[in-house]
$ cat work_7.pdb   # PDB, C-alpha atoms and all ligand atoms
ATOM      1  CA  MET A   1       5.984   6.346  75.572
ATOM      2  CA  ILE A   2       5.057  10.037  75.020
ATOM      3  CA  GLN A   3       5.474   9.597  71.268
ATOM      4  CA  SER A   4       3.021   6.689  71.189
ATOM      5  CA  VAL A   5       0.507   8.543  73.387
ATOM      6  CA  LEU A   6       0.664  11.459  70.924
ATOM      7  CA  GLU A   7       0.178   9.106  67.980
ATOM      8  CA  ASN A   8      -2.885   7.621  69.647
ATOM      9  CA  ALA A   9      -4.193  11.076  70.473
ATOM     10  CA  ILE A  10      -4.027  11.966  66.787
ATOM     11  CA  LYS A  11      -5.687   8.716  65.787
ATOM     12  CA  ILE A  12      -8.667   9.054  68.097
ATOM     13  CA  SER A  13      -9.093  12.802  67.580
ATOM     14  CA  ARG A  14      -8.827  13.076  63.801
ATOM     15  CA  PRO A  15     -12.382  11.810  63.112
ATOM     16  CA  GLU A  16     -13.671  14.489  65.488
ATOM     17  CA  ALA A  17     -12.563  17.133  62.959
ATOM     18  CA  LEU A  18     -15.372  16.072  60.634
ATOM     19  CA  LYS A  19     -17.920  17.239  63.213
ATOM     20  CA  GLY A  20     -16.696  20.854  63.060
ATOM     21  CA  GLU A  21     -16.081  23.572  60.486
ATOM     22  CA  VAL A  22     -13.179  25.893  59.728
ATOM     23  CA  ALA A  23     -13.726  29.573  60.523
ATOM     24  CA  SER A  24     -15.057  31.393  57.494
ATOM     25  CA  TYR A  25     -15.978  34.839  58.837
ATOM     26  CA  ILE A  26     -12.385  35.708  57.947
ATOM     27  CA  PRO A  27     -12.497  34.393  54.351
ATOM     28  CA  GLU A  28      -8.808  33.484  54.169
ATOM     29  CA  LEU A  29      -9.185  31.121  57.159
ATOM     30  CA  GLY A  30     -11.993  29.340  55.306
ATOM     31  CA  LYS A  31      -9.390  27.887  52.917
ATOM     32  CA  ALA A  32      -7.868  25.618  55.594
ATOM     33  CA  ASP A  33      -8.229  21.838  55.330
ATOM     34  CA  ARG A  34     -10.335  20.837  58.315
ATOM     35  CA  ARG A  35      -8.798  17.355  58.506
ATOM     36  CA  GLN A  36      -5.354  18.625  59.439
ATOM     37  CA  LEU A  37      -4.147  17.877  62.935
ATOM     38  CA  GLY A  38      -0.775  18.183  64.636
ATOM     39  CA  ILE A  39       0.445  18.032  68.233
ATOM     40  CA  SER A  40       3.833  19.124  69.593
ATOM     41  CA  LEU A  41       4.910  18.589  73.166
ATOM     42  CA  PHE A  42       8.108  20.143  74.534
ATOM     43  CA  SER A  43       9.023  19.106  78.050
ATOM     44  CA  ALA A  44      11.096  20.813  80.734
ATOM     45  CA  ASP A  45      13.622  17.968  80.673
ATOM     46  CA  GLY A  46      14.390  18.684  77.017
ATOM     47  CA  GLY A  47      12.096  16.140  75.333
ATOM     48  CA  ARG A  48      10.576  17.264  72.024
ATOM     49  CA  PHE A  49       7.809  15.270  70.451
ATOM     50  CA  SER A  50       5.792  16.129  67.356
ATOM     51  CA  VAL A  51       3.150  14.115  65.542
ATOM     52  CA  GLY A  52       1.036  15.052  62.508
ATOM     53  CA  ASP A  53       0.820  18.482  60.894
ATOM     54  CA  THR A  54       3.139  20.278  63.280
ATOM     55  CA  LYS A  55       5.138  22.205  60.690
ATOM     56  CA  VAL A  56       2.139  23.660  58.872
ATOM     57  CA  ARG A  57       1.949  27.445  59.283
ATOM     58  CA  PHE A  58      -1.420  28.850  60.335
ATOM     59  CA  SER A  59      -2.523  32.122  61.852
ATOM     60  CA  ILE A  60      -2.195  32.489  65.590
ATOM     61  CA  GLN A  61      -5.433  34.492  65.890
ATOM     62  CA  SER A  62      -6.607  34.784  69.512
ATOM     63  CA  ILE A  63      -3.560  33.042  70.934
ATOM     64  CA  SER A  64      -1.766  36.318  70.216
ATOM     65  CA  LYS A  65      -3.835  37.717  73.111
ATOM     66  CA  VAL A  66      -1.488  35.829  75.426
ATOM     67  CA  ILE A  67       1.587  37.504  73.928
ATOM     68  CA  THR A  68      -0.029  40.931  73.871
ATOM     69  CA  LEU A  69      -1.159  40.610  77.480
ATOM     70  CA  ALA A  70       2.261  39.414  78.640
ATOM     71  CA  VAL A  71       4.087  42.271  76.915
ATOM     72  CA  ALA A  72       1.486  44.794  78.105
ATOM     73  CA  LEU A  73       1.854  43.629  81.711
ATOM     74  CA  GLU A  74       5.615  44.098  81.445
ATOM     75  CA  ARG A  75       5.435  47.511  79.774
ATOM     76  CA  CYS A  76       2.359  49.089  81.373
ATOM     77  CA  GLY A  77       2.112  47.274  84.702
ATOM     78  CA  PHE A  78      -0.645  45.194  86.296
ATOM     79  CA  ASP A  79      -2.658  48.121  87.701
ATOM     80  CA  ARG A  80      -2.884  49.978  84.413
ATOM     81  CA  ILE A  81      -4.072  46.887  82.529
ATOM     82  CA  PHE A  82      -6.662  45.790  85.061
ATOM     83  CA  GLU A  83      -7.979  49.249  85.822
ATOM     84  CA  ASN A  84     -10.358  48.961  82.887
ATOM     85  CA  VAL A  85     -10.215  45.303  81.879
ATOM     86  CA  GLY A  86     -11.659  42.611  84.136
ATOM     87  CA  MET A  87     -10.454  39.155  85.129
ATOM     88  CA  GLU A  88     -13.748  37.301  84.928
ATOM     89  CA  PRO A  89     -14.981  34.802  82.352
ATOM     90  CA  SER A  90     -17.683  36.423  80.251
ATOM     91  CA  GLY A  91     -19.816  33.397  79.404
ATOM     92  CA  ASP A  92     -20.418  34.979  75.992
ATOM     93  CA  SER A  93     -18.863  34.328  72.613
ATOM     94  CA  PHE A  94     -15.375  35.749  72.021
ATOM     95  CA  ASN A  95     -16.540  38.572  69.784
ATOM     96  CA  SER A  96     -19.598  39.583  71.750
ATOM     97  CA  LEU A  97     -20.196  43.184  72.678
ATOM     98  CA  ILE A  98     -23.482  42.766  74.469
ATOM     99  CA  LYS A  99     -22.261  42.862  78.073
ATOM    100  CA  LEU A 100     -19.877  45.677  77.286
ATOM    101  CA  GLU A 101     -22.878  47.814  76.513
ATOM    102  CA  THR A 102     -25.544  46.445  78.849
ATOM    103  CA  CYS A 103     -24.026  45.332  82.138
ATOM    104  CA  SER A 104     -20.437  46.399  82.450
ATOM    105  CA  SER A 105     -18.437  49.521  81.914
ATOM    106  CA  HIS A 106     -15.384  47.526  80.863
ATOM    107  CA  PRO A 107     -14.455  44.275  79.023
ATOM    108  CA  PHE A 108     -14.721  41.123  81.137
ATOM    109  CA  ASN A 109     -11.207  39.816  80.471
ATOM    110  CA  PRO A 110      -8.194  40.187  78.135
ATOM    111  CA  MET A 111      -8.782  36.847  76.336
ATOM    112  CA  ILE A 112     -11.953  37.958  74.521
ATOM    113  CA  ASN A 113     -11.856  40.450  71.670
ATOM    114  CA  SER A 114     -13.085  43.475  73.623
ATOM    115  CA  GLY A 115     -10.477  42.981  76.358
ATOM    116  CA  ALA A 116      -7.672  42.249  73.931
ATOM    117  CA  ILE A 117      -8.501  45.310  71.822
ATOM    118  CA  ALA A 118      -8.426  47.431  75.001
ATOM    119  CA  VAL A 119      -5.003  45.975  75.893
ATOM    120  CA  ALA A 120      -3.807  46.600  72.329
ATOM    121  CA  GLY A 121      -4.886  50.216  72.829
ATOM    122  CA  TYR A 122      -2.587  50.541  75.865
ATOM    123  CA  LEU A 123       0.338  48.924  74.123
ATOM    124  CA  GLU A 124       0.161  50.343  70.615
ATOM    125  CA  PRO A 125       1.581  53.800  71.469
ATOM    126  CA  LEU A 126       4.501  52.184  73.339
ATOM    127  CA  ILE A 127       5.766  49.553  70.947
ATOM    128  CA  SER A 128       5.898  49.024  67.185
ATOM    129  CA  PHE A 129       4.415  45.981  65.480
ATOM    130  CA  GLU A 130       7.929  45.102  64.262
ATOM    131  CA  GLU A 131       9.098  44.957  67.869
ATOM    132  CA  MET A 132       6.099  42.752  68.765
ATOM    133  CA  LEU A 133       6.966  40.460  65.858
ATOM    134  CA  SER A 134      10.526  40.057  67.014
ATOM    135  CA  LEU A 135       9.404  39.486  70.625
ATOM    136  CA  SER A 136       6.906  36.862  69.426
ATOM    137  CA  ARG A 137       9.714  35.054  67.596
ATOM    138  CA  LYS A 138      11.795  35.092  70.751
ATOM    139  CA  LEU A 139       9.027  33.935  73.092
ATOM    140  CA  CYS A 140       8.032  31.084  70.749
ATOM    141  CA  ARG A 141      11.645  30.316  69.779
ATOM    142  CA  ASP A 142      10.624  30.424  66.136
ATOM    143  CA  GLU A 143      12.402  32.756  63.733
ATOM    144  CA  GLY A 144       9.996  31.654  61.007
ATOM    145  CA  ILE A 145       7.064  33.634  62.403
ATOM    146  CA  VAL A 146       5.965  36.304  59.918
ATOM    147  CA  LEU A 147       2.930  38.457  59.281
ATOM    148  CA  ASP A 148       0.622  36.446  57.015
ATOM    149  CA  GLU A 149      -0.284  39.221  54.577
ATOM    150  CA  LYS A 150      -3.241  37.328  53.115
ATOM    151  CA  VAL A 151      -4.872  36.742  56.506
ATOM    152  CA  TYR A 152      -4.069  40.313  57.532
ATOM    153  CA  GLY A 153      -5.735  41.686  54.379
ATOM    154  CA  SER A 154      -8.704  39.365  54.684
ATOM    155  CA  GLU A 155      -9.346  40.147  58.345
ATOM    156  CA  SER A 156      -8.840  43.878  57.804
ATOM    157  CA  ASP A 157     -11.496  43.793  55.083
ATOM    158  CA  HIS A 158     -13.977  41.895  57.291
ATOM    159  CA  ASN A 159     -13.516  43.554  60.625
ATOM    160  CA  SER A 160     -16.789  45.388  61.264
ATOM    161  CA  ARG A 161     -17.541  43.632  64.526
ATOM    162  CA  ASN A 162     -14.169  44.386  66.078
ATOM    163  CA  ARG A 163     -14.433  47.932  64.721
ATOM    164  CA  ALA A 164     -17.768  48.281  66.544
ATOM    165  CA  ILE A 165     -16.168  46.973  69.755
ATOM    166  CA  ALA A 166     -13.203  49.334  69.401
ATOM    167  CA  TYR A 167     -15.350  52.427  68.881
ATOM    168  CA  LEU A 168     -17.504  51.439  71.852
ATOM    169  CA  LEU A 169     -14.315  51.201  73.915
ATOM    170  CA  GLU A 170     -13.348  54.666  72.716
ATOM    171  CA  ASN A 171     -16.781  55.953  73.653
ATOM    172  CA  LYS A 172     -16.283  54.570  77.169
ATOM    173  CA  GLY A 173     -12.906  56.278  77.420
ATOM    174  CA  ILE A 174     -11.000  52.964  77.522
ATOM    175  CA  ILE A 175      -9.258  53.505  74.193
ATOM    176  CA  GLN A 176      -7.768  56.979  74.264
ATOM    177  CA  ASN A 177      -5.433  56.838  71.300
ATOM    178  CA  ASP A 178      -6.230  56.361  67.627
ATOM    179  CA  VAL A 179      -8.867  53.617  67.238
ATOM    180  CA  GLU A 180      -7.849  52.583  63.722
ATOM    181  CA  ARG A 181      -4.190  52.237  64.718
ATOM    182  CA  THR A 182      -5.240  50.111  67.696
ATOM    183  CA  LEU A 183      -7.365  47.863  65.467
ATOM    184  CA  ASP A 184      -4.559  47.527  62.950
ATOM    185  CA  PHE A 185      -2.139  46.495  65.719
ATOM    186  CA  TYR A 186      -4.673  43.927  66.998
ATOM    187  CA  VAL A 187      -5.332  42.441  63.534
ATOM    188  CA  LYS A 188      -1.628  42.257  62.736
ATOM    189  CA  MET A 189      -0.964  40.332  65.950
ATOM    190  CA  CYS A 190      -3.814  37.919  65.077
ATOM    191  CA  SER A 191      -2.252  37.394  61.631
ATOM    192  CA  LEU A 192       1.121  36.095  62.813
ATOM    193  CA  SER A 193       1.829  32.713  61.267
ATOM    194  CA  VAL A 194       2.882  30.025  63.726
ATOM    195  CA  THR A 195       3.122  26.232  63.882
ATOM    196  CA  ALA A 196       2.137  23.723  66.576
ATOM    197  CA  GLU A 197       5.852  23.652  67.400
ATOM    198  CA  SER A 198       6.044  27.398  67.993
ATOM    199  CA  LEU A 199       3.078  27.142  70.371
ATOM    200  CA  ALA A 200       4.742  24.283  72.262
ATOM    201  CA  GLY A 201       7.829  26.530  72.575
ATOM    202  CA  LEU A 202       5.761  29.372  74.023
ATOM    203  CA  GLY A 203       3.945  26.908  76.290
ATOM    204  CA  LEU A 204       7.224  25.617  77.667
ATOM    205  CA  LEU A 205       8.438  29.153  78.366
ATOM    206  CA  LEU A 206       5.268  29.831  80.356
ATOM    207  CA  ALA A 207       5.530  26.448  82.111
ATOM    208  CA  GLN A 208       8.999  27.527  83.234
ATOM    209  CA  ASN A 209       7.816  30.848  84.623
ATOM    210  CA  GLY A 210       9.290  32.898  81.800
ATOM    211  CA  VAL A 211      12.761  31.351  81.707
ATOM    212  CA  ASP A 212      13.964  30.300  78.261
ATOM    213  CA  ARG A 213      15.177  26.711  78.533
ATOM    214  CA  GLU A 214      18.047  27.015  76.050
ATOM    215  CA  SER A 215      19.586  30.311  77.083
ATOM    216  CA  GLY A 216      18.544  30.342  80.747
ATOM    217  CA  LYS A 217      17.351  33.946  80.216
ATOM    218  CA  GLN A 218      14.312  35.313  82.055
ATOM    219  CA  LEU A 219      12.248  36.595  79.097
ATOM    220  CA  LEU A 220       9.099  37.389  81.083
ATOM    221  CA  SER A 221       8.774  38.087  84.795
ATOM    222  CA  PRO A 222       7.304  35.346  87.006
ATOM    223  CA  ASP A 223       4.495  37.738  88.064
ATOM    224  CA  THR A 224       3.501  38.341  84.443
ATOM    225  CA  VAL A 225       3.552  34.632  83.669
ATOM    226  CA  ARG A 226       1.474  33.765  86.731
ATOM    227  CA  THR A 227      -1.196  36.282  85.766
ATOM    228  CA  VAL A 228      -1.255  35.116  82.151
ATOM    229  CA  LYS A 229      -1.539  31.422  83.053
ATOM    230  CA  THR A 230      -4.316  32.040  85.554
ATOM    231  CA  ILE A 231      -6.351  34.019  83.044
ATOM    232  CA  MET A 232      -5.738  31.328  80.413
ATOM    233  CA  PHE A 233      -7.143  28.772  82.851
ATOM    234  CA  THR A 234     -10.311  30.708  83.635
ATOM    235  CA  CYS A 235     -10.955  32.463  80.311
ATOM    236  CA  GLY A 236      -8.717  30.974  77.587
ATOM    237  CA  MET A 237     -11.325  28.816  75.870
ATOM    238  CA  TYR A 238     -13.985  31.568  75.775
ATOM    239  CA  ASP A 239     -17.428  30.405  76.854
ATOM    240  CA  GLY A 240     -16.125  26.827  76.861
ATOM    241  CA  SER A 241     -13.526  27.593  79.565
ATOM    242  CA  GLY A 242     -15.389  26.036  82.500
ATOM    243  CA  ALA A 243     -16.080  22.643  80.922
ATOM    244  CA  PHE A 244     -12.557  22.559  79.488
ATOM    245  CA  ALA A 245     -11.057  23.283  82.925
ATOM    246  CA  VAL A 246     -13.033  20.408  84.433
ATOM    247  CA  ARG A 247     -12.385  17.883  81.682
ATOM    248  CA  VAL A 248      -8.803  18.781  80.705
ATOM    249  CA  GLY A 249      -7.503  20.871  83.591
ATOM    250  CA  ILE A 250      -4.652  22.558  81.692
ATOM    251  CA  PRO A 251      -4.383  26.360  81.243
ATOM    252  CA  SER A 252      -4.900  26.845  77.503
ATOM    253  CA  LYS A 253      -5.673  29.451  74.887
ATOM    254  CA  SER A 254      -7.350  28.779  71.576
ATOM    255  CA  GLY A 255      -7.592  30.727  68.333
ATOM    256  CA  VAL A 256      -9.948  30.488  65.371
ATOM    257  CA  GLY A 257      -6.992  29.568  63.141
ATOM    258  CA  GLY A 258      -7.259  26.179  64.878
ATOM    259  CA  GLY A 259      -4.404  26.545  67.343
ATOM    260  CA  ILE A 260      -4.385  25.691  71.027
ATOM    261  CA  LEU A 261      -1.545  26.710  73.344
ATOM    262  CA  SER A 262      -1.401  24.667  76.565
ATOM    263  CA  VAL A 263       0.797  24.984  79.634
ATOM    264  CA  VAL A 264       1.380  22.161  82.079
ATOM    265  CA  ASP A 265       2.963  24.066  84.908
ATOM    266  CA  GLY A 266       6.603  23.234  85.531
ATOM    267  CA  ARG A 267       6.433  20.307  83.137
ATOM    268  CA  MET A 268       5.702  21.051  79.500
ATOM    269  CA  GLY A 269       4.258  23.161  76.733
ATOM    270  CA  ILE A 270       1.839  21.692  74.211
ATOM    271  CA  GLY A 271       0.930  23.203  70.845
ATOM    272  CA  ILE A 272      -1.923  21.946  68.709
ATOM    273  CA  PHE A 273      -3.093  22.740  65.209
ATOM    274  CA  GLY A 274      -6.505  21.506  64.077
ATOM    275  CA  PRO A 275      -8.506  24.089  62.113
ATOM    276  CA  SER A 276     -11.913  22.428  62.426
ATOM    277  CA  LEU A 277     -13.755  24.352  65.146
ATOM    278  CA  ASP A 278     -16.677  23.703  67.475
ATOM    279  CA  ALA A 279     -19.531  26.183  67.834
ATOM    280  CA  LYS A 280     -17.564  28.247  70.359
ATOM    281  CA  GLY A 281     -14.550  28.652  68.068
ATOM    282  CA  ASN A 282     -12.254  26.098  69.730
ATOM    283  CA  SER A 283     -10.379  23.404  67.765
ATOM    284  CA  ILE A 284     -12.688  20.414  68.031
ATOM    285  CA  ALA A 285     -10.077  17.710  67.446
ATOM    286  CA  GLY A 286      -7.571  19.687  69.513
ATOM    287  CA  LYS A 287      -9.878  19.630  72.510
ATOM    288  CA  LYS A 288     -10.411  15.907  72.174
ATOM    289  CA  ALA A 289      -6.657  15.315  71.888
ATOM    290  CA  LEU A 290      -5.959  17.386  75.004
ATOM    291  CA  GLU A 291      -8.583  15.512  76.967
ATOM    292  CA  TYR A 292      -6.890  12.268  75.962
ATOM    293  CA  LEU A 293      -3.387  13.546  76.780
ATOM    294  CA  SER A 294      -4.511  14.916  80.124
ATOM    295  CA  GLU A 295      -5.907  11.520  81.057
ATOM    296  CA  LYS A 296      -3.066   9.369  79.714
ATOM    297  CA  LEU A 297      -0.174  11.532  80.904
ATOM    298  CA  GLY A 298      -1.790  12.702  84.148
ATOM    299  CA  LEU A 299      -1.738  16.398  83.212
ATOM    300  CA  HIS A 300      -4.871  17.674  84.958
ATOM    301  CA  MET A 301      -3.973  20.470  87.332
ATOM    302  CA  PHE A 302      -5.800  18.771  90.167
ATOM    303  CA  GLY A 303      -4.514  15.265  89.598
ATOM    304  CA  ALA A 304      -6.385  12.099  88.741
ATOM    305  CA  GLY A 305     -10.147  12.247  89.020
ATOM    306  CA  GLN A 306     -12.657   9.840  90.448
ATOM    307  CA  LYS A 307     -13.704   7.540  87.608
ATOM    308  CA  THR A 308     -17.209   6.337  87.038
ATOM    309  CA  GLU A 309     -17.765   2.574  87.010
ATOM    310  CA  GLY A 310     -18.190   2.567  83.246
ATOM    311  CA  GLU A 311     -14.898   4.396  82.699
ATOM    312  CA  MET A 312     -13.039   2.014  85.008
ATOM    313  CA  GLU A 313     -14.081  -0.986  82.935
ATOM    314  CA  GLU A 314     -12.640   0.516  79.726
TER     315      GLU A 314
HETATM  316  N1  LIG A 401      -8.865  37.765  64.866
HETATM  317  C1  LIG A 401      -9.996  37.059  65.395
HETATM  318  C2  LIG A 401     -11.107  38.033  65.691
HETATM  319  O1  LIG A 401     -10.828  39.082  66.150
HETATM  320  C3  LIG A 401      -9.580  36.334  66.632
HETATM  321  C4  LIG A 401     -10.692  35.550  67.253
HETATM  322  C5  LIG A 401     -10.310  34.214  67.771
HETATM  323  O2  LIG A 401      -9.293  33.625  67.452
HETATM  324  N2  LIG A 401     -11.206  33.683  68.545
HETATM  325  O3  LIG A 401     -12.257  37.801  65.480
END
$ encode --input "work_7.pdb" --output "structure tokens"
Amino acid sequence: MIQSVLENAIKISRPEALKGEVASYIPELGKADRRQLGISLFSADGGRFSVGDTKVRFSIQSISKVITLAVALERCGFDRIFENVGMEPSGDSFNSLIKLETCSSHPFNPMINSGAIAVAGYLEPLISFEEMLSLSRKLCRDEGIVLDEKVYGSESDHNSRNRAIAYLLENKGIIQNDVERTLDFYVKMCSLSVTAESLAGLGLLLAQNGVDRESGKQLLSPDTVRTVKTIMFTCGMYDGSGAFAVRVGIPSKSGVGGGILSVVDGRMGIGIFGPSLDAKGNSIAGKKALEYLSEKLGLHMFGAGQKTEGEMEE
């Protein structure tokens, strides 16, 4: 039954991709085929379902903010992270720096660029990128994750906006170590190449409060996972987080590579790849597919909703 729901999700969502565009502000991402779409769903009872382009490698982009935050919470502690990074949705685009300068002394949350760059600044002196790469492989259960050198080069060459954010953070005393090293760490994490399957693996780990299903090992503490999932729910889809929470009701994190990582608490992890994006930078077909899955599989965090008369007739 899950397999056929996924197949239908792909069928109804694929046309949606034609309404969006692939990200092109990082030129290498502009080469993606916007019609691609894949969904993987790994459930707590061991079920593994994949439909469509689920083995295609693409860059994790902002979904790496989840990994960076989780590792930073474990290494630096909750108080250190949230001393200078907020927990509130910003209502602005993911790469905005306007509120950072005009109405707040610190980034709104760790899921937007300013917050994630601040978190990268805390972590970078404590851990090497190589260690982050191997942790990412472990958390996603995917040994195939590598640094995509082309995306890394392309983003590094077109990184003025994040550079502006990082230097502003230094000016505010939030980044205290080397700004260029922090930026390099951030860009490298965004350039990890994953698949929809690796995201479903990470989603399942988070759904199971940090316990790896195969080995039974606690890879992340339950406190870390709870914080990460809550922030994904309120801030994971940038300035589209509120509407997404109402319509889909699943803690999720998107990236401009076209990925969406979703966590159905206690039940499953879902990974999506669909590089065509809406105006806010979220996978347009991916969002549609998740809305469909939420409805058909009853995945909304707050259960079934009240249907309108029109919807009930369908
Ligand atoms: N690397 C991208 C950037 O910093 C990540 C943004 C995203 O995925 N929304 O702009």
$ resolve_selection --input "work_7.pdb" --expression "the PyMOL selection byres (((chain A and resi 202) around 8) and not hetatm)" --output "PyMOL selection string"
chain A and resi 139-141+198-201+203-206+261+269
$ atom_distance --input "work_7.pdb" --atom1 "CA of Ser4 in chain A" --atom2 "CA of Ala243 in chain A"
26.7 Å
$ resolve_selection --input "work_7.pdb" --expression "the PyMOL selection byres (((not hetatm)) within 8 of (chain A and resi 401))" --output "list in words"
Ile26, Ile60, Gln61, Ser62, Ile63, Phe94, Asn95, Ile112, Asn113, Glu155, Asn159, Arg161, Asn162, Tyr186, Val187, Cys190, Ser191, Ser254, Gly255, Val256, Gly257, Gly281 and Asn282 of chain A
$ resolve_selection --input "work_7.pdb" --expression "the PyMOL selection byres (((chain A and resi 193-195) around 10) and not hetatm)" --output "short mmCIF file (atom, residue, chain, number, x, y, z; two decimals) with C-alpha atoms, keeping the file's coordinate frame"
data_model
loop_
_atom_site.label_atom_id
_atom_site.label_comp_id
_atom_site.auth_asym_id
_atom_site.auth_seq_id
_atom_site.Cartn_x
_atom_site.Cartn_y
_atom_site.Cartn_z
CA GLY A 38 -0.78 18.18 64.64
CA ILE A 39 0.44 18.03 68.23
CA SER A 40 3.83 19.12 69.59
CA ASP A 53 0.82 18.48 60.89
CA THR A 54 3.14 20.28 63.28
CA LYS A 55 5.14 22.20 60.69
CA VAL A 56 2.14 23.66 58.87
CA ARG A 57 1.95 27.44 59.28
CA PHE A 58 -1.42 28.85 60.34
CA SER A 59 -2.52 32.12 61.85
CA ILE A 60 -2.19 32.49 65.59
CA GLN A 61 -5.43 34.49 65.89
CA SER A 136 6.91 36.86 69.43
CA ARG A 137 9.71 35.05 67.60
CA CYS A 140 8.03 31.08 70.75
CA ASP A 142 10.62 30.42 66.14
CA GLU A 143 12.40 32.76 63.73
CA GLY A 144 10.00 31.65 61.01
CA ILE A 145 7.06 33.63 62.40
CA VAL A 146 5.96 36.30 59.92
CA LEU A 147 2.93 38.46 59.28
CA ASP A 148 0.62 36.45 57.02
CA GLU A 149 -0.28 39.22 54.58
CA VAL A 151 -4.87 36.74 56.51
CA MET A 189 -0.96 40.33 65.95
CA CYS A 190 -3.81 37.92 65.08
CA SER A 191 -2.25 37.39 61.63
CA LEU A 192 1.12 36.10 62.81
CA ALA A 196 2.14 23.72 66.58
CA GLU A 197 5.85 23.65 67.40
CA SER A 198 6.04 27.40 67.99
CA LEU A 199 3.08 27.14 70.37
CA ALA A 200 4.74 24.28 72.26
CA GLY A 201 7.83 26.53 72.58
CA GLY A 257 -6.99 29.57 63.14
CA GLY A 259 -4.40 26.54 67.34
CA GLY A 271 0.93 23.20 70.84
CA ILE A 272 -1.92 21.95 68.71
CA PHE A 273 -3.09 22.74 65.21
#
$ closest_residue --input "work_7.pdb" --among "A:Tyr238, A:Tyr292, A:Tyr167, A:Phe129" --to "Ile117 in chain A" --atoms "all atoms listed in the file"
A:Tyr167
$ atom_distance --input "work_7.pdb" --atom1 "CA of Val263 in chain A" --atom2 "CA of Met232 in chain A"
9.1 Å
$ atom_distance --input "work_7.pdb" --atom1 "CA of Glu101 in chain A" --atom2 "CA of Thr68 in chain A"
24.0 Å
$ residues_around --input "work_7.pdb" --residues "Leu37 in chain A" --least-positions-apart "5" --cutoff "12 Å" --atoms "only C-alpha atoms" --output "PDB file with C-alpha atoms, in the frame of the given file"
ATOM      1  CA  LEU A   6       0.664  11.459  70.924  1.00  0.00           C
ATOM      2  CA  GLU A   7       0.178   9.106  67.980  1.00  0.00           C
ATOM      3  CA  ALA A   9      -4.193  11.076  70.473  1.00  0.00           C
ATOM      4  CA  ILE A  10      -4.027  11.966  66.787  1.00  0.00           C
ATOM      5  CA  LYS A  11      -5.687   8.716  65.787  1.00  0.00           C
ATOM      6  CA  ILE A  12      -8.667   9.054  68.097  1.00  0.00           C
ATOM      7  CA  SER A  13      -9.093  12.802  67.580  1.00  0.00           C
ATOM      8  CA  ARG A  14      -8.827  13.076  63.801  1.00  0.00           C
ATOM      9  CA  PRO A  15     -12.382  11.810  63.112  1.00  0.00           C
ATOM     10  CA  GLU A  16     -13.671  14.489  65.488  1.00  0.00           C
ATOM     11  CA  ALA A  17     -12.563  17.133  62.959  1.00  0.00           C
ATOM     12  CA  LEU A  18     -15.372  16.072  60.634  1.00  0.00           C
ATOM     13  CA  ALA A  32      -7.868  25.618  55.594  1.00  0.00           C
ATOM     14  CA  SER A  50       5.792  16.129  67.356  1.00  0.00           C
ATOM     15  CA  VAL A  51       3.150  14.115  65.542  1.00  0.00           C
ATOM     16  CA  GLY A  52       1.036  15.052  62.508  1.00  0.00           C
ATOM     17  CA  ASP A  53       0.820  18.482  60.894  1.00  0.00           C
ATOM     18  CA  THR A  54       3.139  20.278  63.280  1.00  0.00           C
ATOM     19  CA  LYS A  55       5.138  22.205  60.690  1.00  0.00           C
ATOM     20  CA  VAL A  56       2.139  23.660  58.872  1.00  0.00           C
ATOM     21  CA  ARG A  57       1.949  27.445  59.283  1.00  0.00           C
ATOM     22  CA  PHE A  58      -1.420  28.850  60.335  1.00  0.00           C
ATOM     23  CA  THR A 195       3.122  26.232  63.882  1.00  0.00           C
ATOM     24  CA  ALA A 196       2.137  23.723  66.576  1.00  0.00           C
ATOM     25  CA  GLY A 258      -7.259  26.179  64.878  1.00  0.00           C
ATOM     26  CA  GLY A 259      -4.404  26.545  67.343  1.00  0.00           C
ATOM     27  CA  ILE A 260      -4.385  25.691  71.027  1.00  0.00           C
ATOM     28  CA  GLY A 271       0.930  23.203  70.845  1.00  0.00           C
ATOM     29  CA  ILE A 272      -1.923  21.946  68.709  1.00  0.00           C
ATOM     30  CA  PHE A 273      -3.093  22.740  65.209  1.00  0.00           C
ATOM     31  CA  GLY A 274      -6.505  21.506  64.077  1.00  0.00           C
ATOM     32  CA  PRO A 275      -8.506  24.089  62.113  1.00  0.00           C
ATOM     33  CA  SER A 276     -11.913  22.428  62.426  1.00  0.00           C
ATOM     34  CA  LEU A 277     -13.755  24.352  65.146  1.00  0.00           C
ATOM     35  CA  SER A 283     -10.379  23.404  67.765  1.00  0.00           C
ATOM     36  CA  ILE A 284     -12.688  20.414  68.031  1.00  0.00           C
ATOM     37  CA  ALA A 285     -10.077  17.710  67.446  1.00  0.00           C
ATOM     38  CA  GLY A 286      -7.571  19.687  69.513  1.00  0.00           C
ATOM     39  CA  LYS A 287      -9.878  19.630  72.510  1.00  0.00           C
ATOM     40  CA  LYS A 288     -10.411  15.907  72.174  1.00  0.00           C
ATOM     41  CA  ALA A 289      -6.657  15.315  71.888  1.00  0.00           C
TER      42      ALA A 289
END
$ residues_around --input "work_7.pdb" --residues "Gly47 in chain A" --least-positions-apart "5" --cutoff "10 Å" --atoms "all atoms listed in the file" --output "ChimeraX atom specification"
/A:2,41-42,268
$ axis_aligned_box --input "work_7.pdb" --around "range 86-105 of chain A" --padding-each-side "8 Å" --output "lines of an AutoDock Vina configuration file"
center_x = -18.0
center_y = 41.5
center_z = 77.5
size_x = 31.1
size_y = 32.1
size_z = 31.3
$ closest_residue --input "work_7.pdb" --among "A:Ala304, A:Leu297, A:Ala120, A:Val246" --to "Leu73 in chain A" --atoms "all atoms listed in the file"
A:Ala120
$ closest_residue --input "work_7.pdb" --among "A:Met237, A:Gly46, A:Ser90, A:Asp212" --to "Cys103 in chain A" --atoms "all atoms listed in the file"
A:Ser90
$ residues_around --input "work_7.pdb" --residues "Gln218 in chain A" --least-positions-apart "5" --cutoff "10 Å" --atoms "only C-alpha atoms" --output "ChimeraX atom specification"
/A:205,208-213
